[in-house]
Amino acid sequence: SSDVCSSDLEWVYLLVHGDCTGGSRDDYDVMRIRSDLMTGDWENVTNNKPERLFAHHEIRFFDLSADGSKIAFVSEKPNKSNMNSIWVVNAETGDYDCSRSPEPLAQRTDGKDLCEFISFDPPMGRVTHQHVRFHRR
């Protein structure tokens, strides 16, 4: 997805991309703004800071949970740019969901632990997630 609205229609979430770091990777972030576009400022949900590690995600797709509390996105695996994983972050704090990871893969410079939510690493081959969607009942 490139844009998603919260279920209460209060927020619009967008995937933004630009060359702002001056480094070897472009910037990718999920941003949100109030849907009336009149109150409040843009908020950076993923806060994807330039990092010396793999932590600077190249976000390909994202989705918002039905209750608006989590963002799931597809991005490369640690130090394996040809492999993808699904990452889940808290929409308010940007903290990674580490419930499926035995231990964090690394720590960003802002102190947040990096944890893959779903990972698949076949010995020979490449996995490409075409879209990421929360299952809604």
# chains A, B, ... in the order shown; residues from 1 in each chain; ligands from 1

$ residues_around --residues "A:Val89" --least-positions-apart "5" --cutoff "9 Å" --atoms "only C-alpha atoms" --output "list in words"
Val45, Thr46, Ser69, Lys70, Ile71, Ala72, Phe73, Gly94, Asp95, Tyr96 and Asp97 of chain A

$ write_last_selection --atoms "all heavy atoms" --output "PDB file, in the first residue's frame"
ATOM      1  N   VAL A  45       5.883   7.934  11.776  1.00  0.00           N
ATOM      2  CA  VAL A  45       5.546   6.750  12.565  1.00  0.00           C
ATOM      3  C   VAL A  45       6.748   5.822  12.687  1.00  0.00           C
ATOM      4  O   VAL A  45       7.081   5.363  13.772  1.00  0.00           O
ATOM      5  CB  VAL A  45       4.348   5.997  11.941  1.00  0.00           C
ATOM      6  CG1 VAL A  45       4.035   4.731  12.724  1.00  0.00           C
ATOM      7  CG2 VAL A  45       3.127   6.901  11.884  1.00  0.00           C
ATOM      8  N   THR A  46       7.419   5.536  11.580  1.00  0.00           N
ATOM      9  CA  THR A  46       8.534   4.588  11.616  1.00  0.00           C
ATOM     10  C   THR A  46       9.847   5.238  12.030  1.00  0.00           C
ATOM     11  O   THR A  46      10.746   4.560  12.503  1.00  0.00           O
ATOM     12  CB  THR A  46       8.707   3.906  10.246  1.00  0.00           C
ATOM     13  OG1 THR A  46       8.769   4.901   9.229  1.00  0.00           O
ATOM     14  CG2 THR A  46       7.568   2.947   9.980  1.00  0.00           C
ATOM     15  N   SER A  69      -3.197   0.396  16.055  1.00  0.00           N
ATOM     16  CA  SER A  69      -2.093   0.383  17.021  1.00  0.00           C
ATOM     17  C   SER A  69      -0.767  -0.078  16.423  1.00  0.00           C
ATOM     18  O   SER A  69       0.286   0.184  16.997  1.00  0.00           O
ATOM     19  CB  SER A  69      -2.443  -0.499  18.212  1.00  0.00           C
ATOM     20  OG  SER A  69      -2.526  -1.859  17.808  1.00  0.00           O
ATOM     21  N   LYS A  70      -0.788  -0.773  15.287  1.00  0.00           N
ATOM     22  CA  LYS A  70       0.445  -1.332  14.723  1.00  0.00           C
ATOM     23  C   LYS A  70       0.549  -1.064  13.228  1.00  0.00           C
ATOM     24  O   LYS A  70      -0.451  -1.015  12.522  1.00  0.00           O
ATOM     25  CB  LYS A  70       0.494  -2.841  14.950  1.00  0.00           C
ATOM     26  CG  LYS A  70       0.571  -3.232  16.402  1.00  0.00           C
ATOM     27  CD  LYS A  70       0.619  -4.726  16.560  1.00  0.00           C
ATOM     28  CE  LYS A  70       0.676  -5.088  18.050  1.00  0.00           C
ATOM     29  NZ  LYS A  70       0.732  -6.531  18.243  1.00  0.00           N
ATOM     30  N   ILE A  71       1.788  -0.913  12.798  1.00  0.00           N
ATOM     31  CA  ILE A  71       2.121  -0.812  11.376  1.00  0.00           C
ATOM     32  C   ILE A  71       2.981  -2.023  11.053  1.00  0.00           C
ATOM     33  O   ILE A  71       3.964  -2.302  11.746  1.00  0.00           O
ATOM     34  CB  ILE A  71       2.940   0.461  11.066  1.00  0.00           C
ATOM     35  CG1 ILE A  71       2.141   1.712  11.372  1.00  0.00           C
ATOM     36  CG2 ILE A  71       3.456   0.441   9.648  1.00  0.00           C
ATOM     37  CD1 ILE A  71       1.240   2.190  10.289  1.00  0.00           C
ATOM     38  N   ALA A  72       2.609  -2.753  10.014  1.00  0.00           N
ATOM     39  CA  ALA A  72       3.452  -3.839   9.501  1.00  0.00           C
ATOM     40  C   ALA A  72       4.020  -3.369   8.173  1.00  0.00           C
ATOM     41  O   ALA A  72       3.322  -2.727   7.381  1.00  0.00           O
ATOM     42  CB  ALA A  72       2.639  -5.108   9.311  1.00  0.00           C
ATOM     43  N   PHE A  73       5.306  -3.662   7.944  1.00  0.00           N
ATOM     44  CA  PHE A  73       5.892  -3.294   6.664  1.00  0.00           C
ATOM     45  C   PHE A  73       6.868  -4.366   6.200  1.00  0.00           C
ATOM     46  O   PHE A  73       7.370  -5.156   6.997  1.00  0.00           O
ATOM     47  CB  PHE A  73       6.569  -1.918   6.714  1.00  0.00           C
ATOM     48  CG  PHE A  73       7.708  -1.778   7.682  1.00  0.00           C
ATOM     49  CD1 PHE A  73       9.004  -2.072   7.295  1.00  0.00           C
ATOM     50  CD2 PHE A  73       7.489  -1.335   8.974  1.00  0.00           C
ATOM     51  CE1 PHE A  73      10.067  -1.928   8.179  1.00  0.00           C
ATOM     52  CE2 PHE A  73       8.535  -1.177   9.865  1.00  0.00           C
ATOM     53  CZ  PHE A  73       9.831  -1.480   9.465  1.00  0.00           C
ATOM     54  N   GLY A  94       6.719   3.715  17.750  1.00  0.00           N
ATOM     55  CA  GLY A  94       7.735   3.245  16.813  1.00  0.00           C
ATOM     56  C   GLY A  94       8.538   2.065  17.331  1.00  0.00           C
ATOM     57  O   GLY A  94       9.467   1.610  16.676  1.00  0.00           O
ATOM     58  N   ASP A  95       8.170   1.538  18.513  1.00  0.00           N
ATOM     59  CA  ASP A  95       8.870   0.372  19.054  1.00  0.00           C
ATOM     60  C   ASP A  95       8.554  -0.866  18.224  1.00  0.00           C
ATOM     61  O   ASP A  95       7.409  -1.077  17.819  1.00  0.00           O
ATOM     62  CB  ASP A  95       8.454   0.114  20.515  1.00  0.00           C
ATOM     63  CG  ASP A  95       8.965   1.174  21.460  1.00  0.00           C
ATOM     64  OD1 ASP A  95       9.967   1.837  21.138  1.00  0.00           O
ATOM     65  OD2 ASP A  95       8.350   1.349  22.532  1.00  0.00           O
ATOM     66  N   TYR A  96       9.578  -1.687  17.993  1.00  0.00           N
ATOM     67  CA  TYR A  96       9.412  -2.911  17.220  1.00  0.00           C
ATOM     68  C   TYR A  96       8.745  -3.991  18.065  1.00  0.00           C
ATOM     69  O   TYR A  96       9.006  -4.111  19.259  1.00  0.00           O
ATOM     70  CB  TYR A  96      10.770  -3.425  16.745  1.00  0.00           C
ATOM     71  CG  TYR A  96      11.318  -2.633  15.587  1.00  0.00           C
ATOM     72  CD1 TYR A  96      11.824  -1.355  15.775  1.00  0.00           C
ATOM     73  CD2 TYR A  96      11.334  -3.158  14.304  1.00  0.00           C
ATOM     74  CE1 TYR A  96      12.322  -0.615  14.719  1.00  0.00           C
ATOM     75  CE2 TYR A  96      11.830  -2.428  13.241  1.00  0.00           C
ATOM     76  CZ  TYR A  96      12.316  -1.149  13.450  1.00  0.00           C
ATOM     77  OH  TYR A  96      12.796  -0.415  12.401  1.00  0.00           O
ATOM     78  N   ASP A  97       7.882  -4.785  17.424  1.00  0.00           N
ATOM     79  CA  ASP A  97       7.250  -5.920  18.075  1.00  0.00           C
ATOM     80  C   ASP A  97       8.263  -7.059  18.082  1.00  0.00           C
ATOM     81  O   ASP A  97       8.575  -7.638  17.046  1.00  0.00           O
ATOM     82  CB  ASP A  97       5.984  -6.329  17.325  1.00  0.00           C
ATOM     83  CG  ASP A  97       5.225  -7.450  18.011  1.00  0.00           C
ATOM     84  OD1 ASP A  97       5.845  -8.261  18.727  1.00  0.00           O
ATOM     85  OD2 ASP A  97       4.006  -7.536  17.808  1.00  0.00           O
TER      86      ASP A  97
END

$ residues_around --residues "A:Asp41" --least-positions-apart "5" --cutoff "12 Å" --atoms "only C-alpha atoms" --output "PyMOL selection string"
chain A and resi 11-12+31-36

$ residues_around --residues "stretch 64-66 of chain A" --least-positions-apart "4" --cutoff "9 Å" --atoms "only C-alpha atoms" --output "number ranges by chain"
A: 4-7, 13, 70-73, 91, 133-136

$ write_last_selection --atoms "all heavy atoms" --output "CSV table (one decimal), in the first residue's frame"
chain,number,residue,atom,x,y,z
A,4,VAL,N,-3.1,4.5,3.6
A,4,VAL,CA,-4.1,3.8,4.4
A,4,VAL,C,-4.7,4.8,5.3
A,4,VAL,O,-4.1,5.7,5.8
A,4,VAL,CB,-3.4,2.7,5.2
A,4,VAL,CG1,-4.4,2.0,6.1
A,4,VAL,CG2,-2.6,1.7,4.4
A,5,CYS,N,-6.1,4.6,5.5
A,5,CYS,CA,-6.8,5.4,6.5
A,5,CYS,C,-7.1,4.6,7.7
A,5,CYS,O,-7.3,3.4,7.6
A,5,CYS,CB,-8.1,5.9,5.9
A,5,CYS,SG,-7.9,7.1,4.6
A,6,SER,N,-7.0,5.2,8.9
A,6,SER,CA,-7.4,4.5,10.1
A,6,SER,C,-8.9,4.2,10.1
A,6,SER,O,-9.6,4.9,9.4
A,6,SER,CB,-7.0,5.4,11.4
A,6,SER,OG,-7.6,6.6,11.3
A,7,SER,N,-9.3,3.2,10.9
A,7,SER,CA,-10.7,2.8,10.8
A,7,SER,C,-11.6,3.9,11.3
A,7,SER,O,-12.8,3.9,10.8
A,7,SER,CB,-10.9,1.5,11.7
A,7,SER,OG,-10.5,1.8,13.0
A,13,TYR,N,-2.3,7.6,6.6
A,13,TYR,CA,-0.9,7.1,6.6
A,13,TYR,C,-0.4,7.0,5.2
A,13,TYR,O,-1.1,6.5,4.3
A,13,TYR,CB,-0.9,5.7,7.3
A,13,TYR,CG,-1.2,5.7,8.8
A,13,TYR,CD1,-2.5,5.8,9.2
A,13,TYR,CD2,-0.2,5.7,9.7
A,13,TYR,CE1,-2.9,5.8,10.5
A,13,TYR,CE2,-0.5,5.7,11.1
A,13,TYR,CZ,-1.8,5.8,11.5
A,13,TYR,OH,-2.1,5.8,12.8
A,70,LYS,N,-0.8,-0.8,15.3
A,70,LYS,CA,0.4,-1.3,14.7
A,70,LYS,C,0.5,-1.1,13.2
A,70,LYS,O,-0.5,-1.0,12.5
A,70,LYS,CB,0.5,-2.8,14.9
A,70,LYS,CG,0.6,-3.2,16.4
A,70,LYS,CD,0.6,-4.7,16.6
A,70,LYS,CE,0.7,-5.1,18.0
A,70,LYS,NZ,0.7,-6.5,18.2
A,71,ILE,N,1.8,-0.9,12.8
A,71,ILE,CA,2.1,-0.8,11.4
A,71,ILE,C,3.0,-2.0,11.1
A,71,ILE,O,4.0,-2.3,11.7
A,71,ILE,CB,2.9,0.5,11.1
A,71,ILE,CG1,2.1,1.7,11.4
A,71,ILE,CG2,3.5,0.4,9.6
A,71,ILE,CD1,1.2,2.2,10.3
A,72,ALA,N,2.6,-2.8,10.0
A,72,ALA,CA,3.5,-3.8,9.5
A,72,ALA,C,4.0,-3.4,8.2
A,72,ALA,O,3.3,-2.7,7.4
A,72,ALA,CB,2.6,-5.1,9.3
A,73,PHE,N,5.3,-3.7,7.9
A,73,PHE,CA,5.9,-3.3,6.7
A,73,PHE,C,6.9,-4.4,6.2
A,73,PHE,O,7.4,-5.2,7.0
A,73,PHE,CB,6.6,-1.9,6.7
A,73,PHE,CG,7.7,-1.8,7.7
A,73,PHE,CD1,9.0,-2.1,7.3
A,73,PHE,CD2,7.5,-1.3,9.0
A,73,PHE,CE1,10.1,-1.9,8.2
A,73,PHE,CE2,8.5,-1.2,9.9
A,73,PHE,CZ,9.8,-1.5,9.5
A,91,ALA,N,2.4,1.9,16.3
A,91,ALA,CA,2.1,3.2,15.6
A,91,ALA,C,2.3,4.4,16.4
A,91,ALA,O,2.5,5.5,15.8
A,91,ALA,CB,0.7,3.1,15.0
A,133,ARG,N,-0.7,-7.4,4.6
A,133,ARG,CA,-2.0,-7.1,5.1
A,133,ARG,C,-2.3,-7.7,6.4
A,133,ARG,O,-2.0,-8.9,6.6
A,133,ARG,CB,-3.1,-7.6,4.1
A,133,ARG,CG,-3.0,-7.0,2.7
A,133,ARG,CD,-3.9,-5.8,2.6
A,133,ARG,NE,-3.9,-5.3,1.3
A,133,ARG,CZ,-3.6,-4.1,0.9
A,133,ARG,NH1,-3.2,-3.2,1.8
A,133,ARG,NH2,-3.6,-3.7,-0.3
A,134,PHE,N,-2.9,-7.0,7.3
A,134,PHE,CA,-3.3,-7.6,8.6
A,134,PHE,C,-4.6,-8.4,8.3
A,134,PHE,O,-5.4,-7.9,7.5
A,134,PHE,CB,-3.7,-6.5,9.6
A,134,PHE,CG,-2.4,-6.0,10.3
A,134,PHE,CD1,-1.8,-4.9,9.9
A,134,PHE,CD2,-2.0,-6.6,11.5
A,134,PHE,CE1,-0.6,-4.4,10.5
A,134,PHE,CE2,-0.9,-6.1,12.1
A,134,PHE,CZ,-0.2,-5.0,11.6
A,135,HIS,N,-4.8,-9.5,8.8
A,135,HIS,CA,-6.0,-10.3,8.7
A,135,HIS,C,-7.1,-9.7,9.5
A,135,HIS,O,-6.9,-9.4,10.6
A,135,HIS,CB,-5.7,-11.8,9.1
A,135,HIS,CG,-6.9,-12.6,9.1
A,135,HIS,ND1,-7.5,-13.1,7.8
A,135,HIS,CD2,-7.8,-13.1,10.0
A,135,HIS,CE1,-8.5,-13.8,8.1
A,135,HIS,NE2,-8.7,-13.8,9.4
A,136,ARG,N,-8.2,-9.4,8.8
A,136,ARG,CA,-9.3,-8.8,9.5
A,136,ARG,C,-10.5,-9.8,9.5
A,136,ARG,O,-10.8,-10.4,8.5
A,136,ARG,CB,-9.7,-7.5,8.7
A,136,ARG,CG,-8.7,-6.4,8.9
A,136,ARG,CD,-9.1,-5.2,8.1
A,136,ARG,NE,-8.2,-4.1,8.4
A,136,ARG,CZ,-7.1,-3.8,7.7
A,136,ARG,NH1,-6.7,-4.6,6.7
A,136,ARG,NH2,-6.3,-2.8,8.0

$ closest_residue --among "A:Pro102, A:Glu116, A:Gln107, A:Asp8" --to "A:Ser75" --atoms "only C-alpha atoms"
A:Glu116

$ atom_distance --atom1 "atom CA of A:Glu92" --atom2 "atom CA of A:Glu43"
9.6 Å

$ closest_residue --among "A:Phe61, A:Asp67, A:Tyr28, A:Leu9" --to "A:Asn48" --atoms "only C-alpha atoms"
A:Tyr28

$ atom_distance --atom1 "atom CA of A:Val74" --atom2 "atom CA of A:Trp87"
6.3 Å

$ closest_residue --among "A:Leu114, A:Leu37, A:His57, A:Trp42" --to "A:His17" --atoms "only C-alpha atoms"
A:His57
